[in-house]
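Engineer: What follows is a structure written as structure tokens; I'll ask about it next.
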Amino acid sequence: MLDRHEVAGSNPADPTITDSKNLFMKVEKFVFNPFSENTYILFDDTKECVIVDPGNSDQYENEKLVDFIKEHSLKPKLLLNTHAHIDHIMGNKFVNEQYGLIPHFHKDDLFLYQSSESIATMYGLTYSILEAEYNYLEEFDIVSFGNTKLKCLLVPGHSPGSICFYNEAENILIAGDVLFRESIGRTDLPGGNHQMLLAGISEKIFTLPDETVVYPGHMETTTVGYEKVNNPFF
Ligand SMILES: [Zn+2]
Ligand SMILES: [Zn+2]
């Protein structure tokens, strides 16, 4: 974990900056499992990558993930979970077995993580929890891979420990189930809080630059500027 000051001062909008090798994070999206959950692989020129919310739930989806990593010669460095709802952690065990990575999530979602097997049973899903260590993410932690840094923003309300990963240098937000195109995360699940979610989005996401591209946990991408104008919850 690096201090956030290490990312200060970059300005990707300035075309005179020549040292731009750290400004091209690529985002690959997979739509996995019965919940149509968005799994993301983030990578840059160094070929290092992080896997965010692996939702792969069967052999076909496992192979899609592995094939992409293999085809692009990527080196998986971190397993990140925006939150611990079952659709976002279903592939944790496979990713751990395949790449030796342990999950990183916020401690306030531990109760969801620990009850994930019984929740999966409720939904009639085949799933076994990863029996391995895990690491906690704290608000404003900087997670890094290759030349890329992601700042953790804690935006509770959909779940108590929902984290958004913000690439400050390139204005990209991996939002989990916090904010969707013209919608927000549901708040009727255990630990949900509607007012807290609205406040968190206003304070931590709508204060990011309008051009910030938002990659949500379901459905298509959007931008901060578009949601400030068009999201019916605000
Ligand atoms: Zn969720
Ligand atoms: Zn979800």
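Here, A, B, ... name the chains of the structure tokens in the order displayed, residue numbers run from 1 inside each chain, and ligands are numbered from 1 in the same displayed order.
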Out of range 48-79 of chain A, which residues get helix (DSSP H, G or I) from DSSP, as a VMD selection string?
Structural biologist: chain A and resid 59 to 71
Engineer: Those same residues - C-alpha atoms - I'd like them written as a JSON list (two decimals), in the first residue's frame.
Structural biologist:
[["chain", "number", "residue", "atom", "x", "y", "z"],
["A", 59, "GLN", "CA", -16.00, -24.08, -16.60],
["A", 60, "TYR", "CA", -16.95, -22.00, -19.63],
["A", 61, "GLU", "CA", -16.58, -18.74, -17.71],
["A", 62, "ASN", "CA", -13.37, -19.92, -16.03],
["A", 63, "GLU", "CA", -11.89, -20.58, -19.44],
["A", 64, "LYS", "CA", -12.95, -17.18, -20.78],
["A", 65, "LEU", "CA", -11.03, -15.53, -17.95],
["A", 66, "VAL", "CA", -7.95, -17.70, -18.24],
["A", 67, "ASP", "CA", -7.85, -17.51, -22.03],
["A", 68, "PHE", "CA", -7.88, -13.72, -22.01],
["A", 69, "ILE", "CA", -5.04, -13.59, -19.49],
["A", 70, "LYS", "CA", -3.06, -16.13, -21.47],
["A", 71, "GLU", "CA", -3.68, -14.53, -24.88]]
Engineer: Could you make a table, as CSV, of the residues of chain A that have an atom within 9 Å of an atom of ligand 1, each with its nearest atom pair and distance in Å to one decimal, counting only C-alpha atoms and all ligand atoms, in chain and number order?
Structural biologist:
residue,atom,partner,partner_atom_place_in_ligand_line,distance
A:Thr82,CA,ligand 1,1 (Zn),8.6
A:His83,CA,ligand 1,1 (Zn),6.7
A:Ala84,CA,ligand 1,1 (Zn),7.3
A:His85,CA,ligand 1,1 (Zn),4.9
A:Ile86,CA,ligand 1,1 (Zn),7.7
A:Asp87,CA,ligand 1,1 (Zn),7.1
A:His88,CA,ligand 1,1 (Zn),7.1
A:His158,CA,ligand 1,1 (Zn),6.5
A:Ser159,CA,ligand 1,1 (Zn),6.9
A:Ser162,CA,ligand 1,1 (Zn),8.4
A:Gly176,CA,ligand 1,1 (Zn),7.1
A:Asp177,CA,ligand 1,1 (Zn),5.1
A:Val178,CA,ligand 1,1 (Zn),8.0
A:Gly185,CA,ligand 1,1 (Zn),7.1
A:Arg186,CA,ligand 1,1 (Zn),7.7
A:Leu189,CA,ligand 1,1 (Zn),8.7
A:Gly217,CA,ligand 1,1 (Zn),7.6
Engineer: Record the distance separating CA of Val213 in chain A and CA of Ser73 in chain A, expressed in Å with one decimal.
Structural biologist: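 Separating CA of Val213 in chain A from CA of Ser73 in chain A is a distance of 25.8 Å.
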Engineer: I'd like the contact shell of Val50 in chain A - 9 Å cut-off, only C-alpha atoms, skipping same-chain residues fewer than 5 positions apart - returned as a ChimeraX atom specification.
Structural biologist: /A:40-43,75-80,144-145
Engineer: CA of Tyr113 in chain A to CA of Val31 in chain A: how many Å, to one decimal?
Structural biologist: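 Those two atoms sit 21.1 Å apart.
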Engineer: Pick from A:Glu133, A:Asp53, A:Glu139, A:Asp44: nearest to ligand 2, with only C-alpha atoms and all ligand atoms counted?
Structural biologist: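 That would be A:Asp53, the residue with the smallest distance to ligand 2.
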Engineer: Go through range 61-220 of chain A and collect every residue that DSSP, computed from the backbone, puts in strand (DSSP E or B); the answer should be as a PyMOL selection string.
Structural biologist: chain A and resi 75-80+103-106+135-137+142-145+148-154+163-167+172-176+179-180+183-184+213-216+218
Engineer: Write the residues of the selection above to a file with N, CA and C atoms, as a tab-separated table (two decimals), in the first residue's frame.
Structural biologist:
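Result went into out-v5.tsv, see below:
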chain	number	residue	atom	x	y	z
A	75	LYS	N	0.05	-10.81	-16.28
A	75	LYS	CA	0.51	-11.35	-14.99
A	75	LYS	C	-0.43	-10.87	-13.89
A	76	PRO	N	-1.32	-11.72	-13.42
A	76	PRO	CA	-2.27	-11.30	-12.37
A	76	PRO	C	-1.56	-11.00	-11.06
A	77	LYS	N	-1.78	-9.80	-10.54
A	77	LYS	CA	-1.09	-9.34	-9.34
A	77	LYS	C	-1.99	-9.26	-8.12
A	78	LEU	N	-3.27	-8.96	-8.33
A	78	LEU	CA	-4.17	-8.75	-7.19
A	78	LEU	C	-5.57	-9.23	-7.53
A	79	LEU	N	-6.25	-9.71	-6.50
A	79	LEU	CA	-7.67	-10.06	-6.59
A	79	LEU	C	-8.43	-9.07	-5.71
A	80	LEU	N	-9.25	-8.26	-6.35
A	80	LEU	CA	-9.99	-7.21	-5.64
A	80	LEU	C	-11.49	-7.48	-5.70
A	103	PRO	N	-8.21	-12.70	-1.81
A	103	PRO	CA	-9.12	-11.58	-2.01
A	103	PRO	C	-8.79	-10.37	-1.13
A	104	HIS	N	-9.10	-9.21	-1.65
A	104	HIS	CA	-8.99	-7.95	-0.91
A	104	HIS	C	-10.35	-7.28	-0.92
A	105	PHE	N	-10.90	-7.01	0.25
A	105	PHE	CA	-12.18	-6.32	0.33
A	105	PHE	C	-12.23	-5.54	1.63
A	106	HIS	N	-13.29	-4.75	1.82
A	106	HIS	CA	-13.41	-3.94	3.04
A	106	HIS	C	-13.96	-4.78	4.19
A	135	ASN	N	-7.29	-10.12	2.64
A	135	ASN	CA	-6.76	-8.85	3.12
A	135	ASN	C	-7.85	-7.79	3.11
A	136	TYR	N	-7.77	-6.86	4.03
A	136	TYR	CA	-8.73	-5.77	4.06
A	136	TYR	C	-8.23	-4.57	3.27
A	137	LEU	N	-9.16	-3.91	2.61
A	137	LEU	CA	-8.90	-2.62	1.99
A	137	LEU	C	-9.48	-1.54	2.90
A	142	ILE	N	-4.14	3.01	-1.56
A	142	ILE	CA	-3.78	3.00	-2.97
A	142	ILE	C	-3.32	1.59	-3.30
A	143	VAL	N	-4.03	0.95	-4.22
A	143	VAL	CA	-3.55	-0.35	-4.69
A	143	VAL	C	-2.87	-0.13	-6.03
A	144	SER	N	-1.77	-0.80	-6.25
A	144	SER	CA	-1.04	-0.55	-7.48
A	144	SER	C	-0.62	-1.82	-8.17
A	145	PHE	N	-0.53	-1.73	-9.48
A	145	PHE	CA	0.01	-2.81	-10.30
A	145	PHE	C	0.65	-2.14	-11.50
A	148	THR	N	0.15	1.54	-12.76
A	148	THR	CA	-1.19	2.04	-12.48
A	148	THR	C	-1.46	2.07	-10.98
A	149	LYS	N	-2.15	3.11	-10.55
A	149	LYS	CA	-2.56	3.21	-9.15
A	149	LYS	C	-4.07	3.43	-9.08
A	150	LEU	N	-4.68	2.74	-8.11
A	150	LEU	CA	-6.12	2.85	-7.89
A	150	LEU	C	-6.36	3.28	-6.45
A	151	LYS	N	-7.17	4.32	-6.29
A	151	LYS	CA	-7.50	4.78	-4.94
A	151	LYS	C	-8.82	4.16	-4.50
A	152	CYS	N	-8.85	3.65	-3.27
A	152	CYS	CA	-10.06	3.03	-2.74
A	152	CYS	C	-10.97	4.10	-2.14
A	153	LEU	N	-12.19	4.18	-2.65
A	153	LEU	CA	-13.19	5.08	-2.09
A	153	LEU	C	-14.27	4.23	-1.43
A	154	LEU	N	-14.53	4.46	-0.17
A	154	LEU	CA	-15.57	3.70	0.55
A	154	LEU	C	-16.91	4.40	0.36
A	163	ILE	N	-16.55	-0.69	-1.93
A	163	ILE	CA	-15.39	0.10	-2.34
A	163	ILE	C	-15.47	0.38	-3.84
A	164	CYS	N	-15.17	1.62	-4.23
A	164	CYS	CA	-14.98	1.94	-5.65
A	164	CYS	C	-13.48	2.16	-5.85
A	165	PHE	N	-12.96	1.69	-6.97
A	165	PHE	CA	-11.54	1.84	-7.28
A	165	PHE	C	-11.38	2.95	-8.31
A	166	TYR	N	-10.66	3.99	-7.92
A	166	TYR	CA	-10.55	5.18	-8.77
A	166	TYR	C	-9.14	5.34	-9.31
A	167	ASN	N	-9.02	5.32	-10.62
A	167	ASN	CA	-7.77	5.63	-11.30
A	167	ASN	C	-7.76	7.14	-11.54
A	172	ILE	N	-10.91	7.01	-14.33
A	172	ILE	CA	-11.68	5.78	-14.52
A	172	ILE	C	-12.11	5.28	-13.14
A	173	LEU	N	-13.39	4.95	-13.01
A	173	LEU	CA	-13.90	4.47	-11.72
A	173	LEU	C	-14.52	3.10	-11.91
A	174	ILE	N	-14.01	2.14	-11.15
A	174	ILE	CA	-14.62	0.81	-11.10
A	174	ILE	C	-15.57	0.85	-9.90
A	175	ALA	N	-16.87	0.85	-10.17
A	175	ALA	CA	-17.83	1.32	-9.16
A	175	ALA	C	-18.56	0.21	-8.40
A	176	GLY	N	-18.35	-1.06	-8.78
A	176	GLY	CA	-19.14	-2.09	-8.12
A	176	GLY	C	-20.63	-1.82	-8.31
A	179	LEU	N	-23.13	2.69	-8.22
A	179	LEU	CA	-23.77	3.58	-9.20
A	179	LEU	C	-23.85	2.87	-10.54
A	180	PHE	N	-25.04	2.95	-11.16
A	180	PHE	CA	-25.25	2.39	-12.49
A	180	PHE	C	-25.70	3.49	-13.44
A	183	SER	N	-29.16	4.68	-12.62
A	183	SER	CA	-29.68	3.97	-11.46
A	183	SER	C	-28.61	3.94	-10.36
A	184	ILE	N	-28.98	3.35	-9.23
A	184	ILE	CA	-28.04	3.15	-8.12
A	184	ILE	C	-28.21	1.73	-7.60
A	213	VAL	N	-15.03	8.01	-16.41
A	213	VAL	CA	-15.80	6.89	-16.95
A	213	VAL	C	-16.07	5.90	-15.81
A	214	VAL	N	-17.33	5.54	-15.66
A	214	VAL	CA	-17.76	4.67	-14.58
A	214	VAL	C	-18.04	3.27	-15.13
A	215	TYR	N	-17.32	2.30	-14.60
A	215	TYR	CA	-17.54	0.90	-14.97
A	215	TYR	C	-18.28	0.22	-13.82
A	216	PRO	N	-19.58	0.00	-13.97
A	216	PRO	CA	-20.36	-0.56	-12.87
A	216	PRO	C	-20.33	-2.09	-12.81
A	218	HIS	N	-22.82	-4.07	-12.99
A	218	HIS	CA	-23.81	-4.66	-13.91
A	218	HIS	C	-24.10	-3.63	-15.01
Engineer: If we count only C-alpha atoms, what is near Glu227 in chain A at a cut-off of 12 Å, once residues fewer than 3 positions away on the same chain are taken out, given as a list in words?
Structural biologist: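 The contact residues come out as Leu179, Phe180, Arg181, Glu182, Ser183, Ile184, Ile201, Ser202, Ile205, Phe206, Thr207, Leu208, Pro209, Asp210, Glu211, Thr212, Val213, Val214, Thr221, Thr222, Thr223, Val224, Asn230, Asn231, Pro232, Phe233 and Phe234 of chain A.
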Engineer: Write out the residues from the selection above, keeping C-alpha atoms, as a PDB file, in the first residue's frame.
Structural biologist:
ATOM      1  CA  LEU A 179     -23.771   3.583  -9.200  1.00  0.00           C
ATOM      2  CA  PHE A 180     -25.250   2.386 -12.491  1.00  0.00           C
ATOM      3  CA  ARG A 181     -26.267   4.117 -15.682  1.00  0.00           C
ATOM      4  CA  GLU A 182     -29.407   6.011 -14.646  1.00  0.00           C
ATOM      5  CA  SER A 183     -29.677   3.971 -11.457  1.00  0.00           C
ATOM      6  CA  ILE A 184     -28.036   3.151  -8.125  1.00  0.00           C
ATOM      7  CA  ILE A 201     -22.411   9.052  -4.283  1.00  0.00           C
ATOM      8  CA  SER A 202     -22.919  12.819  -3.951  1.00  0.00           C
ATOM      9  CA  ILE A 205     -18.378  10.195  -6.893  1.00  0.00           C
ATOM     10  CA  PHE A 206     -20.176  13.313  -8.122  1.00  0.00           C
ATOM     11  CA  THR A 207     -17.187  15.341  -6.946  1.00  0.00           C
ATOM     12  CA  LEU A 208     -14.919  13.521  -9.424  1.00  0.00           C
ATOM     13  CA  PRO A 209     -14.358  15.108 -12.865  1.00  0.00           C
ATOM     14  CA  ASP A 210     -17.415  14.926 -15.143  1.00  0.00           C
ATOM     15  CA  GLU A 211     -15.465  12.978 -17.761  1.00  0.00           C
ATOM     16  CA  THR A 212     -14.725  10.144 -15.327  1.00  0.00           C
ATOM     17  CA  VAL A 213     -15.803   6.887 -16.949  1.00  0.00           C
ATOM     18  CA  VAL A 214     -17.762   4.668 -14.575  1.00  0.00           C
ATOM     19  CA  THR A 221     -20.582   2.049 -18.623  1.00  0.00           C
ATOM     20  CA  THR A 222     -21.511   5.649 -17.940  1.00  0.00           C
ATOM     21  CA  THR A 223     -19.798   8.868 -16.860  1.00  0.00           C
ATOM     22  CA  VAL A 224     -19.997  11.013 -13.763  1.00  0.00           C
ATOM     23  CA  ASN A 230     -29.658  12.060 -15.896  1.00  0.00           C
ATOM     24  CA  ASN A 231     -29.712   9.854 -12.805  1.00  0.00           C
ATOM     25  CA  PRO A 232     -33.305   9.867 -11.481  1.00  0.00           C
ATOM     26  CA  PHE A 233     -32.185   9.371  -7.872  1.00  0.00           C
ATOM     27  CA  PHE A 234     -30.591  12.832  -7.757  1.00  0.00           C
TER      28      PHE A 234
END
Engineer: Which of these, A:Leu198, A:Val95, A:Met219, A:Cys49, has the shortest distance to ligand 2 once you count only C-alpha atoms and all ligand atoms?
Structural biologist: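 Using only C-alpha atoms and all ligand atoms, ligand 2 sits closest to A:Met219.
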Engineer: Of the residues A:Ile89, A:Ile51, A:Ala199, A:Ser118, which is the one nearest to Phe35 in chain A, using only C-alpha atoms?
Structural biologist: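 Closest candidate: A:Ile89.
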Engineer: Taking only C-alpha atoms and all ligand atoms into account, name the residue in A:Ala132, A:Leu125, A:Met25, A:Met90 that is nearest to ligand 2.
Structural biologist: A:Met90
Engineer: Do a neighbour search on Gly91 in chain A at 7 Å with only C-alpha atoms, toss out local chain neighbours closer than 6 positions, and write the hits as a short mmCIF file (atom, residue, chain, number, x, y, z; two decimals) with N, CA and C atoms, in the first residue's frame.
Structural biologist:
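This went into around_39.cif:
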data_model
loop_
_atom_site.label_atom_id
_atom_site.label_comp_id
_atom_site.auth_asym_id
_atom_site.auth_seq_id
_atom_site.Cartn_x
_atom_site.Cartn_y
_atom_site.Cartn_z
N PRO A 54 -14.23 -11.25 -9.63
CA PRO A 54 -14.38 -12.43 -10.49
C PRO A 54 -15.70 -13.14 -10.20
N GLY A 55 -16.58 -13.12 -11.17
CA GLY A 55 -17.89 -13.74 -10.98
C GLY A 55 -18.03 -15.03 -11.76
N ASN A 56 -16.92 -15.48 -12.32
CA ASN A 56 -16.95 -16.73 -13.12
C ASN A 56 -17.46 -17.87 -12.26
N SER A 57 -18.40 -18.63 -12.83
CA SER A 57 -19.13 -19.60 -12.00
C SER A 57 -19.21 -20.99 -12.60
#
Engineer: Please determine, counting only C-alpha atoms and all ligand atoms, which residue among A:Glu170, A:Glu37, A:Glu28, A:Glu97 has the shortest atom-to-atom distance to ligand 2.
Structural biologist: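 Of the candidates, the smallest distance to ligand 2 is held by A:Glu37.
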Engineer: Taking into account only C-alpha atoms and all ligand atoms, which residue in the set A:Asn81, A:Asn147, A:Phe94, A:Phe24 is nearest to ligand 2?
Structural biologist: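 The closest residue to ligand 2 is A:Asn81.
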